[in-house]
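Colleague: Pasting in a structure now, in structure tokens, and then I'll have a few things to ask.
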Amino acid sequence: ANFDIAVNSKPAGRIVFKLYDETVPRTTRNFRELATGQHGFGYTGSKFHRVIPDVCFLLTLHVDV
């Protein structure tokens with residue numbers, strides 16, 4: 001799975017995730033469904049609210065249902 005990132009509407013790169021289906025199948029299924037927007041909602045349009053370079057990022061899930 002991956003996220004294509006934009007800053008001020010300009011492409012800024014891609015975050016690639018390694019998903020461990022064998023270890024946490026339900027978590028990876030949920031993540032994949034949100035990342036693809038399979039059910040009509042998901043991570044598209046979400047905003048990062050904290051970024052710690054080389055450590056982690058947190059984002060706010062933007063859902064219009």
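Identifiers in the structure tokens: chain A, B, ... in order shown; residue index from 1 per chain; ligand index from 1 in order shown.
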Please list as a tab-separated table (two decimals) with N, CA and C atoms, in the first residue's frame every residue within 7 Å of Thr60 of chain A, counting only C-alpha atoms and excluding residues in the same chain fewer than 3 positions away.

Modeller:
chain	number	residue	atom	x	y	z
A	46	SER	N	-7.12	13.42	3.56
A	46	SER	CA	-6.72	13.56	4.96
A	46	SER	C	-5.50	14.45	5.07
A	47	LYS	N	-5.36	15.07	6.24
A	47	LYS	CA	-4.24	15.99	6.48
A	47	LYS	C	-3.32	15.42	7.55
A	48	PHE	N	-2.01	15.63	7.37
A	48	PHE	CA	-1.05	15.28	8.41
A	48	PHE	C	-1.13	16.35	9.48
A	49	HIS	N	-1.24	15.94	10.74
A	49	HIS	CA	-1.25	16.95	11.79
A	49	HIS	C	0.01	16.90	12.63

Colleague: Which residues are near Thr28 of chain A? Cut-off 9 Å, only C-alpha atoms, ignore same chain within fewer than 6 positions. Put them as a PyMOL selection string.

Modeller: chain A and resi 19-21

Colleague: Counting only C-alpha atoms, which of A:Pro53, A:Gly40, A:Gly45, A:Pro25 gets nearest to Val7 of chain A?

Modeller: A:Gly45

Colleague: Atom CA of Ala35 of chain A and atom CA of Asn8 of chain A are how many Å apart?

Modeller: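 According to the coordinates, atom CA of Ala35 of chain A and atom CA of Asn8 of chain A are separated by 20.7 Å.
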
Colleague: From the set A:Ile52, A:Ala1, A:Val16, A:Ala6, which residue has the shortest atom-to-atom contact distance to Leu34 of chain A, counting only C-alpha atoms?

Modeller: A:Ala1

Colleague: Looking only at strand (DSSP E or B) from DSSP on the backbone, list the matching residues of chain A as a ChimeraX atom specification.

Modeller: /A:2-7,10-16,47-52,56-60

Colleague: Out of A:Lys10, A:Val55, A:Ile15, A:Tyr43, which residue has the shortest atom-to-atom distance to Phe31 of chain A when counting only C-alpha atoms?

Modeller: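 Of A:Lys10, A:Val55, A:Ile15, A:Tyr43, the one nearest Phe31 of chain A is A:Tyr43, counting only C-alpha atoms.
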
Colleague: Could you jot down the atom CA of Ala12 of chain A to atom CA of Gly42 of chain A separation for me, Å, one decimal place?

Modeller: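 If I compute the distance from atom CA of Ala12 of chain A to atom CA of Gly42 of chain A, I get 20.1 Å.
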
Colleague: So what do you get for atom CA of His39 of chain A versus atom CA of Leu58 of chain A, distance-wise?

Modeller: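 It comes out at 22.2 Å.
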